[in-house]
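Shown below: start-v4.cif, with mmCIF, C-alpha atoms.
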data_data
#
loop_
_atom_site.label_atom_id
_atom_site.label_comp_id
_atom_site.auth_asym_id
_atom_site.auth_seq_id
_atom_site.Cartn_x
_atom_site.Cartn_y
_atom_site.Cartn_z
CA MET A 22 90.61 107.52 130.00
CA LYS A 23 91.13 103.91 131.09
CA GLU A 24 87.58 103.03 130.07
CA LEU A 25 88.09 104.70 126.68
CA ILE A 26 91.26 102.70 126.07
CA ASN A 27 89.50 99.48 127.04
CA ASN A 28 86.76 100.21 124.47
CA LEU A 29 89.33 100.37 121.68
CA LYS A 30 89.52 97.06 119.87
CA GLY A 31 92.39 95.66 117.88
CA ASP A 32 96.13 95.82 118.47
CA LYS A 33 96.73 98.26 121.34
CA VAL A 34 100.39 98.73 120.32
CA ILE A 35 99.37 99.97 116.87
CA TRP A 36 96.89 102.34 118.55
CA ALA A 37 99.75 103.64 120.73
CA PHE A 38 102.06 104.29 117.76
CA ILE A 39 99.29 106.11 115.90
CA ALA A 40 98.70 108.35 118.92
CA LEU A 41 102.43 109.05 119.40
CA LEU A 42 103.01 110.01 115.76
CA ALA A 43 99.93 112.25 115.83
CA LEU A 44 101.11 114.00 119.01
CA ILE A 45 104.60 114.50 117.58
CA SER A 46 103.11 116.17 114.49
CA PHE A 47 101.63 119.22 116.24
CA MET A 48 104.82 121.05 117.15
CA PRO A 49 106.61 120.81 113.76
CA VAL A 50 103.41 121.62 111.84
CA TYR A 51 102.77 124.65 114.05
CA SER A 52 106.37 125.79 113.65
CA ALA A 53 106.79 125.06 109.93
CA SER A 54 103.53 126.70 108.84
CA SER A 55 104.86 130.22 109.51
CA ASN A 56 105.94 130.73 105.90
CA LEU A 57 102.48 129.63 104.75
CA ALA A 58 100.93 132.09 107.19
CA TYR A 59 102.95 134.98 105.75
CA SER A 60 102.25 133.99 102.15
CA ALA A 61 98.51 133.40 102.79
CA ASN A 62 97.47 136.46 104.76
CA GLY A 63 100.69 138.32 105.54
CA SER A 64 100.06 138.28 109.29
CA GLY A 65 102.29 135.32 110.20
CA ASN A 66 99.59 133.94 112.49
CA THR A 67 100.06 130.19 112.55
CA MET A 68 97.28 129.42 115.02
CA SER A 69 94.75 128.85 112.23
CA PHE A 70 97.07 126.25 110.66
CA LEU A 71 97.44 124.51 114.02
CA ILE A 72 93.67 124.40 114.50
CA LYS A 73 93.25 123.10 110.97
CA HIS A 74 95.81 120.36 111.57
CA PHE A 75 94.12 119.50 114.89
CA ALA A 76 90.82 119.13 113.04
CA HIS A 77 92.45 116.89 110.41
CA VAL A 78 93.98 114.66 113.08
CA GLY A 79 90.76 114.57 115.10
CA ILE A 80 88.72 113.55 112.07
CA GLY A 81 91.44 111.01 111.26
CA PHE A 82 91.10 109.34 114.68
CA LEU A 83 87.33 109.27 114.23
CA ILE A 84 87.86 107.56 110.86
CA VAL A 85 90.16 104.97 112.43
CA TYR A 86 87.61 104.24 115.15
CA MET A 87 84.68 103.91 112.74
CA VAL A 88 86.54 101.81 110.15
CA HIS A 89 88.00 99.40 112.70
CA LYS A 90 84.45 98.52 113.77
CA ILE A 91 83.72 97.15 110.27
CA PRO A 92 84.52 93.43 109.73
CA TYR A 93 87.46 93.45 107.37
CA HIS A 94 86.05 90.83 105.00
CA TYR A 95 83.43 93.41 103.92
CA PHE A 96 86.19 95.27 102.10
CA LYS A 97 86.38 92.52 99.48
CA ALA A 98 83.08 93.67 98.00
CA ILE A 99 83.82 97.33 98.71
CA SER A 100 87.02 97.19 96.64
CA MET A 101 85.13 95.74 93.66
CA ILE A 102 82.61 98.58 93.78
CA ALA A 103 85.13 101.33 94.56
CA LEU A 104 87.71 100.50 91.86
CA PRO A 105 85.63 101.75 88.87
CA ILE A 106 84.68 104.87 90.86
CA VAL A 107 88.35 105.52 91.60
CA GLY A 108 89.16 105.17 87.90
CA LEU A 109 86.61 107.84 87.01
CA LEU A 110 87.95 110.15 89.75
CA LEU A 111 91.51 109.72 88.47
CA LEU A 112 90.41 110.45 84.91
CA TYR A 113 88.62 113.60 86.10
CA THR A 114 91.67 114.65 88.13
CA LEU A 115 93.98 114.18 85.18
CA PHE A 116 92.09 116.78 83.15
CA GLN A 117 90.51 118.97 85.84
CA GLY A 118 92.99 118.79 88.70
CA LYS A 119 94.28 121.95 90.30
CA THR A 120 97.39 123.28 92.04
CA ILE A 121 97.17 123.46 95.85
CA GLY A 122 99.49 125.29 98.21
CA GLY A 123 101.94 126.26 95.52
CA ALA A 124 102.76 122.68 94.59
CA ASN A 125 103.57 122.24 90.94
CA ALA A 126 101.17 119.36 90.36
CA SER A 127 97.58 118.85 89.32
CA ARG A 128 96.79 116.08 91.77
CA TRP A 129 93.77 117.45 93.64
CA ILE A 130 90.09 117.90 92.99
CA GLN A 131 87.68 120.15 94.84
CA ILE A 132 84.83 118.39 96.64
CA PRO A 133 81.61 120.30 95.89
CA PHE A 134 79.68 122.13 98.64
CA VAL A 135 82.30 121.48 101.37
CA GLY A 136 85.27 123.29 99.78
CA ILE A 137 87.77 120.54 100.67
CA SER A 138 90.57 119.61 98.28
CA PHE A 139 91.11 115.90 97.86
CA GLN A 140 94.08 113.99 96.42
CA THR A 141 92.56 111.11 94.49
CA SER A 142 95.80 109.13 94.12
CA THR A 143 95.85 108.36 97.85
CA LEU A 144 92.37 106.83 97.65
CA ALA A 145 93.31 104.94 94.49
CA SER A 146 96.38 103.44 96.14
CA MET A 147 94.39 102.11 99.11
CA VAL A 148 91.53 100.69 97.02
CA LEU A 149 93.94 99.04 94.59
CA MET A 150 95.87 97.29 97.38
CA ILE A 151 92.62 95.91 98.84
CA TYR A 152 91.59 94.72 95.36
CA VAL A 153 94.93 92.96 94.81
CA ALA A 154 94.71 91.32 98.25
CA ARG A 155 91.21 90.07 97.41
CA TYR A 156 92.39 88.60 94.09
CA LEU A 157 95.39 86.83 95.65
CA ALA A 158 93.23 85.35 98.44
CA LYS A 159 90.75 84.08 95.84
CA LYS A 160 93.53 82.73 93.60
CA ARG A 161 94.82 80.55 96.43
CA GLU A 162 91.46 78.75 96.46
CA VAL A 163 90.95 78.59 92.68
CA GLU A 164 94.07 78.44 90.52
CA ASP A 165 94.06 80.94 87.62
CA THR A 166 96.02 80.96 84.39
CA PHE A 167 98.41 83.77 83.52
CA GLN A 168 96.07 85.06 80.82
CA LYS A 169 93.20 85.27 83.30
CA SER A 170 95.39 87.03 85.88
CA VAL A 171 96.38 89.60 83.26
CA ILE A 172 92.72 90.49 82.75
CA GLU A 173 91.54 90.32 86.36
CA LEU A 174 94.66 91.60 88.16
CA TRP A 175 97.16 93.44 86.01
CA LEU A 176 94.78 95.27 83.69
CA PRO A 177 93.17 97.21 86.60
CA VAL A 178 96.59 97.77 88.19
CA PHE A 179 98.16 99.26 85.07
CA ALA A 180 95.01 101.27 84.32
CA VAL A 181 95.20 102.98 87.72
CA ILE A 182 98.95 103.53 87.43
CA MET A 183 98.69 105.03 83.95
CA LEU A 184 96.05 107.50 85.16
CA ILE A 185 98.31 108.60 88.02
CA LEU A 186 101.64 108.53 86.16
CA PRO A 187 101.48 111.79 84.14
CA ALA A 188 100.68 113.95 87.19
CA ASN A 189 102.45 112.04 89.97
CA PHE A 190 105.32 109.79 88.99
CA SER A 191 106.51 109.08 92.55
CA THR A 192 103.09 107.86 93.70
CA ALA A 193 102.67 105.73 90.57
CA ALA A 194 106.11 104.17 91.09
CA LEU A 195 105.41 103.54 94.78
CA ILE A 196 102.06 101.90 93.99
CA PHE A 197 103.66 99.62 91.39
CA LEU A 198 106.45 98.58 93.77
CA MET A 199 103.96 97.89 96.57
CA VAL A 200 101.75 95.82 94.26
CA VAL A 201 104.79 93.80 93.15
CA MET A 202 105.75 93.30 96.81
CA LEU A 203 102.20 92.20 97.69
CA VAL A 204 101.86 89.68 94.85
CA PHE A 205 105.29 88.31 95.77
CA VAL A 206 104.14 87.78 99.35
CA GLY A 207 100.92 86.28 97.98
CA LYS A 208 103.02 83.66 96.13
CA TYR A 209 102.19 84.78 92.62
CA PRO A 210 104.37 82.74 90.21
CA LEU A 211 107.78 84.41 89.86
CA LYS A 212 108.11 83.70 86.14
CA TYR A 213 104.85 85.55 85.50
CA LEU A 214 105.87 88.36 87.86
CA GLY A 215 109.10 88.81 85.90
CA ILE A 216 107.12 89.18 82.68
CA VAL A 217 104.89 91.82 84.31
CA ILE A 218 107.85 93.81 85.66
CA GLY A 219 109.53 93.72 82.26
CA ALA A 220 106.35 94.91 80.60
CA GLY A 221 106.10 97.74 83.13
CA VAL A 222 109.66 98.90 82.47
CA VAL A 223 109.11 98.81 78.70
CA GLY A 224 105.84 100.71 79.04
CA LEU A 225 107.44 103.41 81.22
CA THR A 226 110.34 103.82 78.78
CA PHE A 227 107.94 104.13 75.85
CA PHE A 228 105.87 106.70 77.76
CA ILE A 229 108.95 108.84 78.51
CA LEU A 230 110.07 108.72 74.86
CA VAL A 231 106.63 109.74 73.64
CA ALA A 232 106.44 112.52 76.23
CA LYS A 233 109.81 113.83 75.07
CA ALA A 234 108.83 113.64 71.42
CA PHE A 235 105.40 115.27 71.89
CA PRO A 236 105.63 117.52 74.96
CA ASP A 237 102.42 119.40 74.09
CA ALA A 238 100.38 116.21 74.10
CA PHE A 239 100.99 115.55 77.80
CA PRO A 240 100.61 117.63 80.96
CA ASN A 241 103.54 119.79 82.04
CA ARG A 242 104.03 117.46 84.98
CA VAL A 243 105.81 114.93 82.76
CA ASP A 244 108.58 117.43 82.08
CA THR A 245 108.76 118.17 85.81
CA TRP A 246 109.44 114.65 87.02
CA VAL A 247 111.72 113.84 84.09
CA SER A 248 113.79 116.95 84.86
CA ARG A 249 113.88 116.00 88.54
CA ILE A 250 115.53 112.69 87.74
CA GLU A 251 117.96 114.37 85.35
CA ASN A 252 118.85 117.08 87.87
CA PHE A 253 119.27 114.53 90.65
CA THR A 254 121.84 112.63 88.58
CA SER A 255 123.60 115.72 87.18
CA ASP A 256 123.32 118.23 90.10
CA LYS A 257 122.07 121.07 87.90
CA PRO A 258 120.92 124.13 89.87
CA ASP A 259 117.13 124.43 89.93
CA GLU A 260 114.20 124.76 92.33
CA ASP A 261 114.51 121.19 93.59
CA ASN A 262 118.19 121.71 94.41
CA TYR A 263 117.19 124.84 96.31
CA GLN A 264 114.78 122.77 98.42
CA ILE A 265 117.36 120.07 99.04
CA GLU A 266 120.05 122.59 99.99
CA LYS A 267 117.77 124.28 102.50
CA ALA A 268 116.76 120.89 103.91
CA LYS A 269 120.40 119.87 104.34
CA ILE A 270 121.20 123.20 106.02
CA ALA A 271 118.32 122.56 108.44
CA ILE A 272 119.60 119.07 109.21
CA ALA A 273 123.18 120.28 109.69
CA THR A 274 122.03 123.10 111.97
CA GLY A 275 120.12 120.68 114.20
CA GLY A 276 123.18 118.78 115.34
CA ILE A 277 122.64 116.33 118.20
CA TYR A 278 120.05 118.12 120.33
CA GLY A 279 118.53 120.65 117.88
CA VAL A 280 117.93 124.38 118.17
CA GLY A 281 114.74 123.86 120.16
CA PRO A 282 111.04 123.46 119.36
CA GLY A 283 109.70 126.33 117.27
CA LYS A 284 113.15 127.89 116.71
CA SER A 285 113.79 126.66 113.19
CA ILE A 286 115.29 129.21 110.80
CA GLN A 287 115.04 127.27 107.55
CA LYS A 288 111.26 126.96 107.87
CA ASN A 289 111.11 130.54 106.59
CA PHE A 290 113.00 129.62 103.40
CA LEU A 291 112.13 125.99 102.73
CA PRO A 292 109.08 125.50 100.46
CA GLN A 293 106.55 122.88 101.62
CA SER A 294 108.23 122.85 105.03
CA SER A 295 105.05 121.66 106.74
CA SER A 296 104.42 118.74 104.37
CA ASP A 297 107.08 117.37 101.99
CA PHE A 298 110.10 118.58 104.00
CA ILE A 299 108.74 118.48 107.53
CA TYR A 300 111.35 115.88 108.51
CA ALA A 301 114.10 118.45 107.92
CA ILE A 302 112.34 120.84 110.31
CA ILE A 303 112.02 118.06 112.90
CA VAL A 304 115.75 117.40 112.69
CA GLU A 305 116.63 121.11 112.89
CA GLU A 306 114.49 121.70 115.98
CA ASN A 307 115.01 118.37 117.77
CA GLY A 308 118.38 117.27 116.46
CA LEU A 309 119.60 113.78 115.80
CA LEU A 310 117.69 112.49 118.84
CA GLY A 311 114.38 113.70 117.43
CA ALA A 312 115.20 112.31 113.98
CA LEU A 313 116.04 108.88 115.38
CA THR A 314 112.93 108.89 117.57
CA VAL A 315 110.64 109.47 114.59
CA MET A 316 112.47 106.84 112.53
CA PHE A 317 112.29 104.39 115.45
CA LEU A 318 108.52 104.80 115.72
CA TYR A 319 108.02 104.00 112.04
CA ILE A 320 110.32 100.97 112.22
CA MET A 321 108.51 99.66 115.30
CA LEU A 322 105.21 100.22 113.52
CA PHE A 323 106.59 98.17 110.62
CA ILE A 324 107.54 95.36 113.01
CA ARG A 325 104.08 95.49 114.54
CA PHE A 326 102.56 95.15 111.08
CA LEU A 327 104.68 92.03 110.55
CA ILE A 328 103.40 90.57 113.83
CA ALA A 329 99.79 91.43 112.98
CA SER A 330 100.14 89.84 109.54
CA HIS A 331 101.61 86.69 111.06
CA LYS A 332 98.77 86.42 113.60
CA ALA A 333 95.97 86.94 111.07
CA ASN A 334 93.83 83.82 110.69
CA THR A 335 92.94 84.27 107.01
CA LEU A 336 95.05 84.85 103.94
CA PHE A 337 93.02 87.90 103.02
CA GLY A 338 93.70 89.39 106.47
CA LYS A 339 97.44 88.74 106.15
CA LEU A 340 97.59 90.36 102.72
CA LEU A 341 95.52 93.34 103.90
CA VAL A 342 98.00 94.13 106.67
CA VAL A 343 100.94 93.83 104.27
CA GLY A 344 99.30 95.73 101.41
CA LEU A 345 98.04 98.62 103.54
CA GLY A 346 100.65 98.75 106.30
CA PHE A 347 103.93 98.46 104.43
CA PRO A 348 103.27 101.41 102.05
CA ILE A 349 102.78 103.70 105.09
CA VAL A 350 106.24 102.85 106.41
CA PHE A 351 107.92 102.92 102.99
CA GLN A 352 106.37 106.32 102.27
CA ALA A 353 107.85 107.60 105.53
CA LEU A 354 111.29 106.25 104.64
CA ILE A 355 111.07 107.85 101.18
CA ASN A 356 110.21 111.21 102.74
CA MET A 357 113.24 110.96 105.05
CA ALA A 358 115.50 109.86 102.19
CA VAL A 359 114.47 112.88 100.10
CA ALA A 360 115.35 115.25 102.96
CA VAL A 361 118.95 113.93 103.03
CA GLU A 362 119.18 113.70 99.19
CA LEU A 363 119.26 109.94 98.96
CA LEU A 364 116.34 110.16 96.51
CA PRO A 365 115.13 112.88 94.13
CA VAL A 366 112.29 115.13 95.26
CA THR A 367 109.11 113.05 95.17
CA GLY A 368 106.40 115.04 96.95
CA GLN A 369 105.63 112.17 99.35
CA THR A 370 104.42 113.34 102.76
CA LEU A 371 105.40 111.95 106.15
CA PRO A 372 102.38 109.82 107.19
CA LEU A 373 100.44 111.08 110.24
CA ILE A 374 102.92 113.95 110.74
CA SER A 375 102.83 116.14 107.63
CA SER A 376 99.97 118.59 107.30
CA GLY A 377 97.22 117.82 104.80
CA GLY A 378 93.75 116.42 105.16
CA SER A 379 93.41 113.79 102.43
CA SER A 380 96.79 112.14 103.12
CA ILE A 381 96.06 111.89 106.86
CA TRP A 382 92.53 110.58 106.32
CA MET A 383 93.51 107.93 103.78
CA THR A 384 96.31 106.78 106.09
CA CYS A 385 93.75 106.55 108.89
CA VAL A 386 91.40 104.47 106.73
CA SER A 387 94.24 102.02 106.05
CA LEU A 388 95.13 101.86 109.74
CA GLY A 389 91.47 101.31 110.62
CA ILE A 390 91.28 98.32 108.26
CA ILE A 391 94.49 96.89 109.75
CA LEU A 392 93.06 97.28 113.25
CA SER A 393 89.89 95.56 112.05
CA VAL A 394 92.02 92.56 111.08
CA THR A 395 93.63 92.45 114.53
CA LYS A 396 90.24 93.00 116.19
CA LYS A 397 88.85 89.96 114.42
CA ASP A 398 91.77 87.92 115.71
CA GLU A 399 91.01 89.06 119.26
CA GLU A 400 87.38 88.01 118.93
CA ILE A 401 88.34 84.58 117.58
CA ALA A 402 90.85 84.13 120.40
CA GLN A 403 88.19 85.06 122.97
CA GLU A 404 85.71 82.60 121.46
CA ASN A 405 88.34 79.85 121.47
CA LEU A 406 89.13 80.60 125.11
CA GLU A 407 85.47 80.41 126.12
CA LYS A 408 85.06 77.18 124.14
CA ALA A 409 88.07 75.66 125.89
CA GLN A 410 86.68 76.67 129.27
CA ARG A 411 83.32 75.04 128.48
CA GLU A 412 85.01 71.84 127.32
CA GLU A 413 87.15 71.79 130.45
CA ALA A 414 84.08 72.23 132.69
CA LEU A 415 82.23 69.47 130.82
CA GLN A 416 85.22 67.15 131.13
CA ARG A 417 85.37 67.73 134.90
CA LEU A 418 81.65 66.97 135.19
CA ILE A 419 82.04 63.73 133.22
CA GLU A 420 84.98 62.63 135.35
CA ARG A 421 83.05 63.38 138.55
CA GLU A 422 80.09 61.34 137.33
CA MET A 423 82.31 58.42 136.42
CA ASN A 424 84.04 58.49 139.81
CA GLY A 425 80.74 58.74 141.67
CA GLU A 426 81.61 62.07 143.18
CA ASN A 427 78.19 63.65 142.81
CA ASN A 428 77.17 66.74 144.65
CA PRO A 429 74.62 65.86 147.44
CA GLU A 430 72.59 68.97 146.80
CA GLU A 431 72.37 68.18 143.09
CA GLU A 432 71.35 64.54 143.87
CA GLU A 433 68.57 65.71 146.18
CA LYS A 434 67.34 68.17 143.56
CA VAL A 435 67.28 65.48 140.88
CA ALA A 436 65.48 63.05 143.20
CA ASN A 437 62.83 65.62 144.02
CA GLU A 438 62.24 66.20 140.34
CA LYS A 439 61.86 62.48 139.57
CA GLU A 440 59.76 61.28 142.59
CA PRO A 441 56.05 62.26 142.81
CA GLN A 442 54.99 64.35 145.80
CA TYR A 443 52.13 63.13 148.10
CA ALA A 444 50.11 64.94 150.78
CA ILE A 445 47.80 63.56 153.57
CA GLU A 446 44.93 66.00 152.85
CA ASP A 447 43.15 65.67 149.53
CA VAL A 448 42.91 69.14 148.12
CA SER A 449 41.70 68.09 144.69
CA ASP A 450 38.28 69.03 143.37
CA ASN A 451 35.98 66.07 144.42
CA PRO A 452 33.04 65.56 142.01
CA MET A 453 30.93 63.97 144.87
CA LYS A 454 31.17 67.09 146.99
CA ALA A 455 27.76 68.39 145.87
CA VAL A 456 26.01 65.06 146.69
CA MET A 457 27.69 64.74 150.09
CA GLY A 458 26.54 68.23 150.97
CA LYS A 459 22.88 67.22 150.56
#
Represent the structure from my file as structure tokens, please.
Amino acid sequence: MKELINNLKGDKVIWAFIALLALISFMPVYSASSNLAYSANGSGNTMSFLIKHFAHVGIGFLIVYMVHKIPYHYFKAISMIALPIVGLLLLYTLFQGKTIGGANASRWIQIPFVGISFQTSTLASMVLMIYVARYLAKKREVEDTFQKSVIELWLPVFAVIMLILPANFSTAALIFLMVVMLVFVGKYPLKYLGIVIGAGVVGLTFFILVAKAFPDAFPNRVDTWVSRIENFTSDKPDEDNYQIEKAKIAIATGGIYGVGPGKSIQKNFLPQSSSDFIYAIIVEENGLLGALTVMFLYIMLFIRFLIASHKANTLFGKLLVVGLGFPIVFQALINMAVAVELLPVTGQTLPLISSGGSSIWMTCVSLGIILSVTKKDEEIAQENLEKAQREEALQRLIEREMNGENNPEEEEKVANEKEPQYAIEDVSDNPMKAVMGK
């Protein structure tokens, strides 16, 4: 085990937090999947869901390990190639997406031949953040005009967001906020950023008005997220209020110490208890102590991302850590806020804890890239240390030569190399040897 840990490159603290969150996920997923087990096959056997989650996490760790071996600057070119592909996938999902696990959203597509459902918005979010980081790093070297930034930066951003918006408002809003945060950190001019935010608000308002005026022209999902906001502000009884009420009952039942692992009652009544509302199950079974522990891990992970961003030696590396790391933590905080009704129901999962393959894997890809940034820093630090050691050894040798403090063995070796060697017996090939013989 010690040898395996030593072979892991990058920030060891981030590796530790990833492992802790993954270990914490098994018990609540195993417990909360009982209602899915009854609805799927009627037997109530949750072992298959535990094995499935174990496979998802195992593949996720393999993804982290493989991605963190790739030099992070390669992702500049990868983002340029992947962004058009992501746009086509989002367009296909918008018209051919399907409902998975009873969720009222067409966000997934089925991967041919393997039978795995994939949520394209998670991939789009990651690729877009890398693309924005690449643009901001390039802009620092070559100053661009606002018109050029609209074409190169904001046109792809709004295209991706508009393809996600009708089916998944919460993800589209989170992506836009994270992009705004990233360009702010990247020192994009504030006056231009204000214009972009204003244009985004106007565009969203216009989209809602059009969706209200022509409901048949847009997917049913538009009505769903509009009604969620209206019900959140007016407290009308509906399905979302049912979920929130059950989540609050679970949290209240947990108290300080919880009812015990696997003993949740509300998991049998709370829809999406193993994904969207898994935090409520954690609180019910582990109490306030368990809730604070999970929150503490995410906050410490956020602090570690700040440290990693500060230590990165390139602007692109700094922006990568911010653009890929911060959304993971903010998504976790949004999931917790929904469970206690601080925000309307969004459908955001709890990263590395909620069940679901695509969300875990995309989170692991982001973490692998972040670890690649920290791994590069370690390699540079090691090279600088070796360089300093060589310079120090050379300086000591120069000082010894100047002070006449030469090593006797080295002087004798040098003298032997410079002076010719003579022997009493002539062993060379004498051309007169044949004549002398006669």
(request) May I have the residues within 9 Å of stretch 147-152 of chain A as JSON, numbers by chain, using all atoms listed in the file and disregarding those fewer than 6 positions away in the same chain? (result) {"A": [96, 97, 98, 99, 100, 101, 103, 104, 107, 174, 177, 178, 181, 196, 199, 200, 203, 340, 341, 344, 345, 383, 384, 386, 387]}
Please write the residues picked by the PyMOL selection byres ((chain A and resi 372-377) around 7) on this file as a PDB file with C-alpha atoms, keeping the file's coordinate frame.
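Okay, part00.pdb is ready:
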ATOM      1  CA  LEU A  42     103.010 110.010 115.760  1.00  0.00           C
ATOM      2  CA  ALA A  43      99.930 112.250 115.830  1.00  0.00           C
ATOM      3  CA  SER A  46     103.110 116.170 114.490  1.00  0.00           C
ATOM      4  CA  VAL A  50     103.410 121.620 111.840  1.00  0.00           C
ATOM      5  CA  HIS A  74      95.810 120.360 111.570  1.00  0.00           C
ATOM      6  CA  SER A 295     105.050 121.660 106.740  1.00  0.00           C
ATOM      7  CA  SER A 296     104.420 118.740 104.370  1.00  0.00           C
ATOM      8  CA  ILE A 299     108.740 118.480 107.530  1.00  0.00           C
ATOM      9  CA  ILE A 349     102.780 103.700 105.090  1.00  0.00           C
ATOM     10  CA  ALA A 353     107.850 107.600 105.530  1.00  0.00           C
ATOM     11  CA  THR A 370     104.420 113.340 102.760  1.00  0.00           C
ATOM     12  CA  LEU A 371     105.400 111.950 106.150  1.00  0.00           C
ATOM     13  CA  GLY A 378      93.750 116.420 105.160  1.00  0.00           C
ATOM     14  CA  SER A 379      93.410 113.790 102.430  1.00  0.00           C
ATOM     15  CA  SER A 380      96.790 112.140 103.120  1.00  0.00           C
ATOM     16  CA  ILE A 381      96.060 111.890 106.860  1.00  0.00           C
ATOM     17  CA  THR A 384      96.310 106.780 106.090  1.00  0.00           C
TER      18      THR A 384
END
(request) Rank A:Tyr278, A:Phe298, A:Phe235, A:Phe326 by their smallest atom-to-atom distance to A:Val366, using all atoms listed in the file, and report the top residue only. (result)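 Checking each of A:Tyr278, A:Phe298, A:Phe235, A:Phe326 against A:Val366, counting all atoms listed in the file, the winner is A:Phe298.
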(request) Could you list the residues chosen by the PyMOL selection byres ((chain A and resi 281) around 9) in this structure as JSON, numbers by chain? (result) {"A": [275, 278, 279, 280, 282, 283, 284, 285, 305, 306, 307, 308]}
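Of the listed residues (A:Leu313, A:Met202, A:Leu110, A:Ala180), A:Leu110 comes nearest to A:Phe139; the distances count only C-alpha atoms.
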(message) Between atom CA of A:Lys208 and atom CA of A:Leu336, what distance in Å does the model show, to one decimal?
(response) 11.2 Å
(message) For the provided coordinates, the residues matched by the PyMOL selection byres ((chain A and resi 393) around 9) should be stated as a PyMOL selection string.
(response) chain A and resi 30-32+88-93+388-392+394-398
(request) Choose the residue, out of A:Thr192, A:Glu173, A:Gln117, A:Gln140, that has the smallest atom-to-atom separation from A:Thr367; count all atoms listed in the file. (result) A:Thr192
Can I get the residues of stretch 346-381 of chain A within 8 Å of stretch 261-266 of chain A, each with the closest pair of atoms and their distance in Å to one decimal, using only C-alpha atoms, sorted chain first then ascending number, as JSON lines?
{"residue": "A:Val359", "atom": "CA", "partner": "A:Ile265", "partner_atom": "CA", "distance": 7.8}
{"residue": "A:Ala360", "atom": "CA", "partner": "A:Ile265", "partner_atom": "CA", "distance": 6.5}
{"residue": "A:Val361", "atom": "CA", "partner": "A:Ile265", "partner_atom": "CA", "distance": 7.5}
{"residue": "A:Glu362", "atom": "CA", "partner": "A:Ile265", "partner_atom": "CA", "distance": 6.6}
{"residue": "A:Val366", "atom": "CA", "partner": "A:Asp261", "partner_atom": "CA", "distance": 6.7}
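Restricting the calculation to only C-alpha atoms, the smallest distance between A:Ser54 and any of A:Phe317, A:Phe290, A:Phe337, A:Tyr95 is found for A:Phe290.
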(request) Provide the atom CA of A:Ala40 to atom CA of A:Val342 distance in Å, to one decimal place. (result)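 Interatomic distance, atom CA of A:Ala40 to atom CA of A:Val342: 18.8 Å.
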As a PDB file, in the coordinates of the input, the rebuilt stretch 308-317 of chain A with N, CA, C and O atoms:
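What ended up in result-v2.pdb:
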ATOM      1  N   GLY A 308     117.075 117.885 116.613  1.00  0.00           N
ATOM      2  CA  GLY A 308     118.380 117.270 116.460  1.00  0.00           C
ATOM      3  C   GLY A 308     118.325 115.819 116.046  1.00  0.00           C
ATOM      4  O   GLY A 308     117.293 115.279 115.635  1.00  0.00           O
ATOM      5  N   LEU A 309     119.482 115.177 116.176  1.00  0.00           N
ATOM      6  CA  LEU A 309     119.600 113.780 115.800  1.00  0.00           C
ATOM      7  C   LEU A 309     118.707 112.891 116.668  1.00  0.00           C
ATOM      8  O   LEU A 309     118.162 111.884 116.192  1.00  0.00           O
ATOM      9  N   LEU A 310     118.541 113.277 117.945  1.00  0.00           N
ATOM     10  CA  LEU A 310     117.690 112.490 118.840  1.00  0.00           C
ATOM     11  C   LEU A 310     116.244 112.484 118.352  1.00  0.00           C
ATOM     12  O   LEU A 310     115.585 111.441 118.349  1.00  0.00           O
ATOM     13  N   GLY A 311     115.745 113.645 117.957  1.00  0.00           N
ATOM     14  CA  GLY A 311     114.380 113.700 117.430  1.00  0.00           C
ATOM     15  C   GLY A 311     114.237 112.936 116.137  1.00  0.00           C
ATOM     16  O   GLY A 311     113.219 112.258 115.914  1.00  0.00           O
ATOM     17  N   ALA A 312     115.247 113.022 115.256  1.00  0.00           N
ATOM     18  CA  ALA A 312     115.200 112.310 113.980  1.00  0.00           C
ATOM     19  C   ALA A 312     115.157 110.804 114.196  1.00  0.00           C
ATOM     20  O   ALA A 312     114.375 110.084 113.561  1.00  0.00           O
ATOM     21  N   LEU A 313     116.011 110.315 115.107  1.00  0.00           N
ATOM     22  CA  LEU A 313     116.040 108.880 115.380  1.00  0.00           C
ATOM     23  C   LEU A 313     114.764 108.402 116.069  1.00  0.00           C
ATOM     24  O   LEU A 313     114.308 107.273 115.852  1.00  0.00           O
ATOM     25  N   THR A 314     114.180 109.267 116.898  1.00  0.00           N
ATOM     26  CA  THR A 314     112.930 108.890 117.570  1.00  0.00           C
ATOM     27  C   THR A 314     111.813 108.675 116.562  1.00  0.00           C
ATOM     28  O   THR A 314     111.075 107.678 116.632  1.00  0.00           O
ATOM     29  N   VAL A 315     111.675 109.601 115.613  1.00  0.00           N
ATOM     30  CA  VAL A 315     110.640 109.470 114.590  1.00  0.00           C
ATOM     31  C   VAL A 315     110.891 108.226 113.733  1.00  0.00           C
ATOM     32  O   VAL A 315     109.971 107.438 113.451  1.00  0.00           O
ATOM     33  N   MET A 316     112.137 108.021 113.337  1.00  0.00           N
ATOM     34  CA  MET A 316     112.470 106.840 112.530  1.00  0.00           C
ATOM     35  C   MET A 316     112.207 105.557 113.316  1.00  0.00           C
ATOM     36  O   MET A 316     111.695 104.564 112.771  1.00  0.00           O
ATOM     37  N   PHE A 317     112.518 105.569 114.613  1.00  0.00           N
ATOM     38  CA  PHE A 317     112.290 104.390 115.450  1.00  0.00           C
ATOM     39  C   PHE A 317     110.814 104.046 115.535  1.00  0.00           C
ATOM     40  O   PHE A 317     110.437 102.866 115.491  1.00  0.00           O
TER      41      PHE A 317
END
